[in-house]
Each structure stands twice: as structure tokens, then as C-alpha cells.
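To keep things clear, I will list the structure first and then write my remarks on it.
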Amino acid sequence: QVQLVESGGGLVQPGGSLRLSCAASESIFRLNVMGWYRQGPGKERELAADITNGGFIRYSDSVKGRFAISRDSAKNTVYLQMNSLKPEDTAVYYCLGRVGVREFWGQGTQVTVSS
């Protein structure tokens, strides 16, 4: 069982930045994929960004050019740097780790973009 703990959410004004962190209970290279999903009010959960253990990265069109996913293997942590935030980025952000067909989710961290 892999445990994932997110942190770094909060309230930010439009145009601001936040960095989310996801700390894993074991080496992140044991996970085939790690990523960030988000669920806005009244919306379905959607991919924001993910990274494979080989370093391949995907971004959703809605965050491309504004968000950046990265990892620190020494800390077993994956980050999501979010810049130029918009009100529509308001959501609960969840960290995902995938090993084969098994998925592990964090508890989520709230990001609110509002003036």
C-alpha cells in the first residue's frame, strides 16, 4: 500500500502562484506514473499533469504553459508548480500514484483562486 500526502494548497489571487507537494511513502520510481488530478465544484475529476518513471510528462490543455510537474527522488516527492492561476483552476487537487493497474490516491488539497 502506497501512501500519498499532499500539501501546499490554499487561497491565492488570480495571476498568483502555488506549489503543491505530494510525498510518497516509498520510492517514487516504484510507481509507473505519478500525477495530479483535480476536481472543481460540480465537475468530474480530470487530469492536470502526470509523469512516468521514465520522465515522460503530460499536461491537460487547460494547464499547459502555466503548470509544471517535477519530482525529487531523494525526497520521494512530486511537485506541481502552478503559475498564472485563474478562478477556473479552483478545485481539490489529488495526487495519484499508479503501479500497473493499481491506483493510490492522496486525500486532496484545496486550491481556491479568488480576489
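Simple scheme: letters A, B, ... for chains in C-alpha cells order, numbers from 1 for residues in each chain, numbers from 1 for ligands in the order shown.
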Set the distance at 9 Å and use only C-alpha atoms: which residues neighbour region 64-78 of chain A once local chain neighbours fewer than 6 positions away are removed? I'd like the list as a VMD selection string. chain A and resid 20 to 29 34 to 36 48 to 51 57 to 58 84 to 85 95
Excluding Leu18 (chain A) and residues on its chain fewer than 3 positions from it, collect all residues at most 10 Å away from it, counting only C-alpha atoms, and give them as a compact mmCIF listing (two decimals) with all heavy atoms, in the first residue's frame.
```txt
# COMPACT_ATOMS: atom_id res chain seq x y z
N GLY A 8 0.29 22.14 0.37
CA GLY A 8 0.60 23.33 -0.42
C GLY A 8 -0.58 24.07 -0.98
O GLY A 8 -0.42 25.11 -1.61
N GLY A 9 -1.79 23.55 -0.78
CA GLY A 9 -2.95 24.26 -1.27
C GLY A 9 -3.25 25.51 -0.46
O GLY A 9 -2.60 25.79 0.55
N GLY A 10 -4.22 26.27 -0.93
CA GLY A 10 -4.59 27.48 -0.20
C GLY A 10 -5.37 28.44 -1.08
O GLY A 10 -5.82 28.08 -2.17
N LEU A 11 -5.50 29.65 -0.59
CA LEU A 11 -6.20 30.72 -1.29
C LEU A 11 -5.19 31.63 -1.96
O LEU A 11 -4.22 32.07 -1.31
CB LEU A 11 -7.06 31.51 -0.31
CG LEU A 11 -7.75 32.78 -0.84
CD1 LEU A 11 -8.77 32.42 -1.91
CD2 LEU A 11 -8.40 33.53 0.32
N VAL A 12 -5.40 31.92 -3.23
CA VAL A 12 -4.48 32.77 -3.98
C VAL A 12 -5.28 33.65 -4.91
O VAL A 12 -6.36 33.25 -5.38
CB VAL A 12 -3.45 31.91 -4.75
CG1 VAL A 12 -4.13 31.03 -5.79
CG2 VAL A 12 -2.36 32.77 -5.37
N SER A 21 2.81 19.84 -3.21
CA SER A 21 3.75 18.74 -2.99
C SER A 21 2.98 17.46 -2.71
O SER A 21 1.92 17.50 -2.07
CB SER A 21 4.66 19.05 -1.80
OG SER A 21 5.41 20.22 -2.01
N PHE A 67 1.36 25.35 -15.72
CA PHE A 67 1.72 24.42 -14.64
C PHE A 67 2.95 23.61 -15.06
O PHE A 67 3.17 23.36 -16.26
CB PHE A 67 0.58 23.44 -14.37
CG PHE A 67 -0.64 24.05 -13.74
CD1 PHE A 67 -0.83 25.42 -13.64
CD2 PHE A 67 -1.64 23.22 -13.23
CE1 PHE A 67 -1.97 25.96 -13.06
CE2 PHE A 67 -2.78 23.73 -12.65
CZ PHE A 67 -2.95 25.10 -12.57
N LEU A 80 3.79 20.12 -8.12
CA LEU A 80 3.06 20.78 -9.19
C LEU A 80 3.19 22.28 -8.96
O LEU A 80 2.60 22.83 -8.03
CB LEU A 80 1.59 20.37 -9.22
CG LEU A 80 0.81 20.91 -10.42
CD1 LEU A 80 1.30 20.26 -11.73
CD2 LEU A 80 -0.69 20.66 -10.25
N GLN A 81 4.00 22.91 -9.78
CA GLN A 81 4.14 24.36 -9.75
C GLN A 81 3.05 24.97 -10.61
O GLN A 81 2.96 24.67 -11.80
CB GLN A 81 5.51 24.79 -10.26
CG GLN A 81 5.73 26.29 -10.31
CD GLN A 81 5.75 26.92 -8.93
OE1 GLN A 81 6.38 26.38 -8.01
NE2 GLN A 81 5.08 28.05 -8.77
N MET A 82 2.23 25.81 -10.00
CA MET A 82 1.08 26.39 -10.69
C MET A 82 1.27 27.90 -10.76
O MET A 82 1.32 28.57 -9.72
CB MET A 82 -0.22 26.05 -9.95
CG MET A 82 -0.41 24.55 -9.74
SD MET A 82 -2.01 24.15 -9.03
CE MET A 82 -1.86 24.91 -7.42
N ASN A 83 1.38 28.42 -11.96
CA ASN A 83 1.57 29.86 -12.19
C ASN A 83 0.38 30.42 -12.96
O ASN A 83 -0.41 29.67 -13.56
CB ASN A 83 2.85 30.10 -12.97
CG ASN A 83 4.09 29.60 -12.25
OD1 ASN A 83 4.18 29.67 -11.02
ND2 ASN A 83 5.06 29.09 -13.01
N SER A 84 0.26 31.73 -12.95
CA SER A 84 -0.81 32.42 -13.68
C SER A 84 -2.17 31.78 -13.38
O SER A 84 -2.95 31.49 -14.30
CB SER A 84 -0.52 32.38 -15.19
OG SER A 84 0.71 32.97 -15.49
N LEU A 85 -2.43 31.58 -12.12
CA LEU A 85 -3.66 30.89 -11.73
C LEU A 85 -4.89 31.69 -12.08
O LEU A 85 -4.91 32.93 -12.01
CB LEU A 85 -3.62 30.57 -10.23
CG LEU A 85 -2.74 29.38 -9.87
CD1 LEU A 85 -2.37 29.40 -8.40
CD2 LEU A 85 -3.43 28.08 -10.23
N VAL A 111 -7.38 24.11 -3.55
CA VAL A 111 -6.82 25.32 -4.15
C VAL A 111 -7.97 26.23 -4.55
O VAL A 111 -8.86 25.81 -5.28
CB VAL A 111 -5.95 24.99 -5.39
CG1 VAL A 111 -5.55 26.27 -6.13
CG2 VAL A 111 -4.73 24.19 -4.98
```
Which residues are close to Pro14 (chain A), i.e. within 9 Å by only C-alpha atoms, leaving aside same-chain residues fewer than 2 positions away? Reply as a list in words.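 Final neighbour list, sorted by chain and number: Val12, Gly16, Ser17, Ser84, Leu85, Lys86, Pro87, Val113, Ser114 and Ser115 of chain A.
Taking only C-alpha atoms, the non-local environment of Tyr93 (chain A) within 10 Å (same-chain residues fewer than 6 positions away omitted) comprises Glu6, Ser7, Gly9, Leu20, Trp36, Tyr37, Arg38, Gln39, Gly40, Arg45, Glu46, Leu47, Ala48, Leu80, Gly106, Gln107, Gly108, Thr109, Gln110 and Val111 of chain A.
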Running DSSP on the backbone, which parts of chain A land in strand (DSSP E or B), as JSON, numbers by chain? {"A": [4, 5, 6, 7, 10, 11, 12, 18, 19, 20, 21, 22, 23, 24, 33, 34, 35, 36, 37, 38, 39, 46, 47, 48, 49, 50, 51, 52, 57, 58, 59, 67, 68, 69, 70, 71, 72, 77, 78, 79, 80, 81, 82, 91, 92, 93, 94, 95, 96, 97, 98, 99, 102, 103, 104, 105, 109, 110, 111, 112, 113]}
DSSP on the backbone, then: every residue of chain A marked helix (DSSP H, G or I), written as number ranges by chain. A: 28-30, 73-75, 87-89
How would the residues just picked look written out with all heavy atoms as a PDB file, in the first residue's frame?
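Now in result.pdb:
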```
ATOM      1  N   ILE A  28       9.473   6.819  -5.408  1.00  0.00           N
ATOM      2  CA  ILE A  28       8.545   7.169  -6.487  1.00  0.00           C
ATOM      3  C   ILE A  28       8.860   6.420  -7.775  1.00  0.00           C
ATOM      4  O   ILE A  28       8.005   6.327  -8.659  1.00  0.00           O
ATOM      5  CB  ILE A  28       8.524   8.692  -6.733  1.00  0.00           C
ATOM      6  CG1 ILE A  28       9.918   9.213  -7.099  1.00  0.00           C
ATOM      7  CG2 ILE A  28       7.964   9.419  -5.523  1.00  0.00           C
ATOM      8  CD1 ILE A  28       9.943  10.694  -7.457  1.00  0.00           C
ATOM      9  N   PHE A  29      10.048   5.864  -7.895  1.00  0.00           N
ATOM     10  CA  PHE A  29      10.376   5.119  -9.103  1.00  0.00           C
ATOM     11  C   PHE A  29       9.755   3.728  -9.107  1.00  0.00           C
ATOM     12  O   PHE A  29       9.776   3.051 -10.135  1.00  0.00           O
ATOM     13  CB  PHE A  29      11.887   5.056  -9.297  1.00  0.00           C
ATOM     14  CG  PHE A  29      12.481   6.370  -9.696  1.00  0.00           C
ATOM     15  CD1 PHE A  29      13.278   7.088  -8.833  1.00  0.00           C
ATOM     16  CD2 PHE A  29      12.201   6.929 -10.935  1.00  0.00           C
ATOM     17  CE1 PHE A  29      13.811   8.312  -9.182  1.00  0.00           C
ATOM     18  CE2 PHE A  29      12.723   8.154 -11.299  1.00  0.00           C
ATOM     19  CZ  PHE A  29      13.534   8.843 -10.415  1.00  0.00           C
ATOM     20  N   ARG A  30       9.178   3.323  -7.970  1.00  0.00           N
ATOM     21  CA  ARG A  30       8.418   2.074  -7.963  1.00  0.00           C
ATOM     22  C   ARG A  30       7.035   2.277  -8.574  1.00  0.00           C
ATOM     23  O   ARG A  30       6.351   1.305  -8.890  1.00  0.00           O
ATOM     24  CB  ARG A  30       8.283   1.549  -6.539  1.00  0.00           C
ATOM     25  CG  ARG A  30       9.591   1.059  -5.943  1.00  0.00           C
ATOM     26  CD  ARG A  30       9.319   0.265  -4.693  1.00  0.00           C
ATOM     27  NE  ARG A  30       8.492  -0.907  -4.959  1.00  0.00           N
ATOM     28  CZ  ARG A  30       7.899  -1.627  -4.017  1.00  0.00           C
ATOM     29  NH1 ARG A  30       8.028  -1.314  -2.754  1.00  0.00           N
ATOM     30  NH2 ARG A  30       7.170  -2.675  -4.341  1.00  0.00           N
ATOM     31  N   SER A  73      13.503  12.627  -6.382  1.00  0.00           N
ATOM     32  CA  SER A  73      13.537  11.218  -5.987  1.00  0.00           C
ATOM     33  C   SER A  73      14.139  11.038  -4.596  1.00  0.00           C
ATOM     34  O   SER A  73      13.775  10.109  -3.878  1.00  0.00           O
ATOM     35  CB  SER A  73      14.318  10.403  -7.020  1.00  0.00           C
ATOM     36  OG  SER A  73      15.636  10.910  -7.163  1.00  0.00           O
ATOM     37  N   ALA A  74      15.037  11.930  -4.206  1.00  0.00           N
ATOM     38  CA  ALA A  74      15.650  11.813  -2.877  1.00  0.00           C
ATOM     39  C   ALA A  74      14.627  12.038  -1.771  1.00  0.00           C
ATOM     40  O   ALA A  74      14.768  11.505  -0.667  1.00  0.00           O
ATOM     41  CB  ALA A  74      16.801  12.803  -2.742  1.00  0.00           C
ATOM     42  N   LYS A  75      13.599  12.816  -2.081  1.00  0.00           N
ATOM     43  CA  LYS A  75      12.548  13.107  -1.101  1.00  0.00           C
ATOM     44  C   LYS A  75      11.279  12.323  -1.369  1.00  0.00           C
ATOM     45  O   LYS A  75      10.279  12.512  -0.659  1.00  0.00           O
ATOM     46  CB  LYS A  75      12.245  14.612  -1.103  1.00  0.00           C
ATOM     47  CG  LYS A  75      13.417  15.478  -0.669  1.00  0.00           C
ATOM     48  CD  LYS A  75      13.031  16.953  -0.664  1.00  0.00           C
ATOM     49  CE  LYS A  75      14.199  17.820  -0.206  1.00  0.00           C
ATOM     50  NZ  LYS A  75      13.846  19.267  -0.193  1.00  0.00           N
ATOM     51  N   PRO A  87      -9.409  31.751 -11.810  1.00  0.00           N
ATOM     52  CA  PRO A  87     -10.509  31.259 -10.969  1.00  0.00           C
ATOM     53  C   PRO A  87     -10.966  29.849 -11.357  1.00  0.00           C
ATOM     54  O   PRO A  87     -11.349  29.061 -10.473  1.00  0.00           O
ATOM     55  CB  PRO A  87     -11.613  32.294 -11.209  1.00  0.00           C
ATOM     56  CG  PRO A  87     -10.866  33.558 -11.511  1.00  0.00           C
ATOM     57  CD  PRO A  87      -9.662  33.113 -12.305  1.00  0.00           C
ATOM     58  N   GLU A  88     -10.892  29.516 -12.624  1.00  0.00           N
ATOM     59  CA  GLU A  88     -11.325  28.183 -13.054  1.00  0.00           C
ATOM     60  C   GLU A  88     -10.358  27.077 -12.640  1.00  0.00           C
ATOM     61  O   GLU A  88     -10.644  25.891 -12.833  1.00  0.00           O
ATOM     62  CB  GLU A  88     -11.544  28.140 -14.572  1.00  0.00           C
ATOM     63  CG  GLU A  88     -10.394  28.682 -15.394  1.00  0.00           C
ATOM     64  CD  GLU A  88     -10.608  30.129 -15.800  1.00  0.00           C
ATOM     65  OE1 GLU A  88     -11.056  30.940 -14.945  1.00  0.00           O
ATOM     66  OE2 GLU A  88     -10.303  30.465 -16.970  1.00  0.00           O
ATOM     67  N   ASP A  89      -9.212  27.441 -12.078  1.00  0.00           N
ATOM     68  CA  ASP A  89      -8.312  26.434 -11.515  1.00  0.00           C
ATOM     69  C   ASP A  89      -8.741  26.015 -10.106  1.00  0.00           C
ATOM     70  O   ASP A  89      -8.143  25.089  -9.537  1.00  0.00           O
ATOM     71  CB  ASP A  89      -6.879  26.977 -11.458  1.00  0.00           C
ATOM     72  CG  ASP A  89      -6.280  27.228 -12.825  1.00  0.00           C
ATOM     73  OD1 ASP A  89      -6.471  26.377 -13.723  1.00  0.00           O
ATOM     74  OD2 ASP A  89      -5.625  28.279 -13.004  1.00  0.00           O
TER      75      ASP A  89
END
```
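Take CA of Gly15 (chain A) and CA of Ser60 (chain A): the distance between them is 18.8 Å.
Each of A:Lys43, A:Val33, A:Phe104, A:Gln13 was checked against Gly55 (chain A) using only C-alpha atoms; the smallest atom-to-atom distance is that of A:Val33.
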Would you mind telling me which residue in A:Leu31, A:Ala91, A:Ser62, A:Arg19 lies nearest to Gln3 (chain A) when using only C-alpha atoms? A:Leu31
Out of A:Tyr79, A:Gln1, A:Gly97, A:Val92, which residue has the shortest atom-to-atom distance to Thr52 (chain A) when counting only C-alpha atoms? A:Gly97
Quick one: distance from CA of Val63 (chain A) to CA of Val101 (chain A) in Å, one decimal?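 Distance between the two atoms: 25.9 Å.
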Rounded to one decimal, what separation in Å do you get between CA of Asp61 (chain A) and CA of Val99 (chain A)?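 Interatomic distance here is 25.0 Å.
Minimum atom-to-atom distance to Gly54 (chain A), evaluated using only C-alpha atoms, belongs to A:Asn32 out of A:Asn32, A:Thr90, A:Arg102, A:Val2.
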